[in-house]
Amino acid sequence: RRLKKAMNIVQNDEESGGVDHIAIRLRDRLVVLVLLCFEQYLPEVEESNEYSPAIVEWSDSIQEVGSLIASDLRSLFMKEWSDTTSPLLRAAAITDDNHRISGGHVRYVRAKQSEIIENNDIEQEEQSQEMR
């Protein structure tokens with residue numbers, strides 16, 4: 001059901017201008033995959049035993065990989081291509097990924113922000129101790 005919903009989002013948002021190319025179809029499938037990765041988000045709960053540690057670790061790793069794929073997609077199918085004269089490049093450009101792809105990445109990073117800051121502080125402390 002989620003896959004069908006994600007595929008409908010991609011098909012409704014698709015502005016390929018009638019261009020049917022394997023690269024565009026593969027891009028659309030990768031976008032669906034990224035959307036499904038970000039659906040694995042686990043909201044913060046007050047009780048620490050709400051989710052098992054294995055489920056939390058799995059969700060984090062899936063969303064981390066989704067973030068990496070989203071970054072690669074934005075690099076490979078640049079928004080600037082939407083202004084080219086080539087219909088294929090224009091169709092391949094990811095122009096409106098703010099709500100779909102970037103939103104999931106931002107939500108994940110915000111949820112992990114305190115953990116990221118803690119890890120950076122620990123690394124800096126270890127580096128300063130090594131330098132002494």
# chains A, B, ... in the order shown; residues from 1 in each chain; ligands from 1
>>> residues_around(residues="Phe77 in chain A", least_positions_apart="4", cutoff="7 Å", atoms="only C-alpha atoms", output="VMD selection string")
chain A and resid 73 92 to 94
>>> closest_residue(among="A:Gln40, A:Ser59, A:Ser114, A:Thr95", to="Glu80 in chain A", atoms="only C-alpha atoms")
A:Thr95
>>> closest_residue(among="A:Ile117, A:Ser102, A:Met131, A:Leu88", to="His21 in chain A", atoms="only C-alpha atoms")
A:Leu88
>>> closest_residue(among="A:Ala111, A:Ile24, A:Ile116, A:Val34", to="Leu68 in chain A", atoms="only C-alpha atoms")
A:Val34
>>> atom_distance(atom1="CA of Leu30 in chain A", atom2="CA of Ser52 in chain A")
28.6 Å
>>> atom_distance(atom1="CA of Ser67 in chain A", atom2="CA of Arg107 in chain A")
10.5 Å
>>> closest_residue(among="A:Ile101, A:Ile62, A:Leu89, A:Val109", to="Val19 in chain A", atoms="only C-alpha atoms")
A:Leu89
>>> atom_distance(atom1="CA of Ile22 in chain A", atom2="CA of Ser61 in chain A")
28.7 Å
>>> closest_residue(among="A:Val56, A:Pro87, A:Asp121, A:Ile69", to="Pro43 in chain A", atoms="only C-alpha atoms")
A:Val56
